[in-house]
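Notes follow the structure.
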Amino acid sequence: FEEFFRFRTILSRISSQIWPKLSGTMPICVTDHKWTENESSVYITVPLKGVKRNKVDIFSTSSYIKVSYAPYIFEVLLHAPVHDGSSVAKIVEGAVMFTLVKQSEGLWGALADPRAQDKGYLLRRKQEEIDSSLIRAEDERVREAEEKQKRQKFAVQQQMKMDEDERDRIANWKEQERILATRDIDRIGGDPRYSGPDIIELDDDDDD
């Protein structure tokens with residue numbers, strides 16, 4: 001859930017701040033969403049009202065959900081936290097459908113945190129969730145960079161080991177060839193059937 005929408009965090013934060021300025025009007029809050037729950041999960045359906053899926057921006061954390069699709073916006077500060085890693089969101093049949101997995105089992109009775117009726121509390125909690133998500137996104141970016149560096153280092157080490165093994169293999173092969181050649185020379189030198197060329201010493205008188 002968080003991984004799927006992590007890349008939209010910054011975009012959502014910016015668009016929520018500049019959208020009214022660009023459009024000249026405040027976004028229309030969507031209130032005709034539907035939701036159901038059981039002991040372990042929450043299901044939310046947000047109608048897109050004909051807006052194309054590539055125009056939809058979704059931002060989510062464990063406690064806050066926002067769907068922006070000009071000129072509409074849906075947002076809710078959840079009644080209780082959910083598991084980011086286990087929750088999912090899909091755009092199907094002209095709607096965004098959330099399946100949220102509760103951190104603690106039990107019926108909520110209401111989708112939104114009742115304290116969110118206080119605008120000051122809502123704004124503060126929204127900013128906290130956005131900041132927390134930005135920090136997690138940065139931590140994830142750093143972690144991925146470190147993992148990539150580790151993989152690259154491991155690949156270099158593996159290549160160096162392969163090169164060293166190949167050098168050792170060639171050196172061993174050359175040594176075996178040298179040993180075999182030496183044995184052949186020794187065997188030929190001690191074989192009585194082998195006779196080298198006759199050496200004839202000439203006297204000085206033979207020069208005439």
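By order in the structure tokens, chains are A, B, ...; within a chain, residues start at 1; ligands start at 1, following the order shown.
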
Within 7 Å of range 116-132 of chain A, counting only C-alpha atoms, which residues show up once you throw out same-chain ones fewer than 6 positions away? Write them as a compact mmCIF listing (two decimals) with all heavy atoms, in the first residue's frame, please.
# COMPACT_ATOMS: atom_id res chain seq x y z
N THR A 61 -1.31 7.07 3.88
CA THR A 61 -0.44 6.64 4.96
C THR A 61 -1.25 5.66 5.80
O THR A 61 -2.36 5.27 5.42
CB THR A 61 0.02 7.83 5.82
OG1 THR A 61 -1.10 8.32 6.58
CG2 THR A 61 0.60 8.95 4.97
N TYR A 64 -4.15 8.25 7.03
CA TYR A 64 -4.74 9.32 6.22
C TYR A 64 -4.78 8.90 4.75
O TYR A 64 -3.81 8.32 4.23
CB TYR A 64 -3.92 10.60 6.38
CG TYR A 64 -4.35 11.75 5.50
CD1 TYR A 64 -5.57 12.40 5.69
CD2 TYR A 64 -3.51 12.20 4.48
CE1 TYR A 64 -5.95 13.45 4.87
CE2 TYR A 64 -3.88 13.26 3.68
CZ TYR A 64 -5.10 13.89 3.87
OH TYR A 64 -5.48 14.94 3.07
N LEU A 77 -9.24 11.24 7.53
CA LEU A 77 -8.33 10.84 8.60
C LEU A 77 -8.98 9.63 9.26
O LEU A 77 -10.05 9.75 9.87
CB LEU A 77 -8.15 11.98 9.61
CG LEU A 77 -7.12 11.76 10.71
CD1 LEU A 77 -5.72 11.64 10.12
CD2 LEU A 77 -7.16 12.91 11.71

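Coordinates place CA of Ala70 in chain A at a distance of 7.8 Å from CA of Lys55 in chain A.
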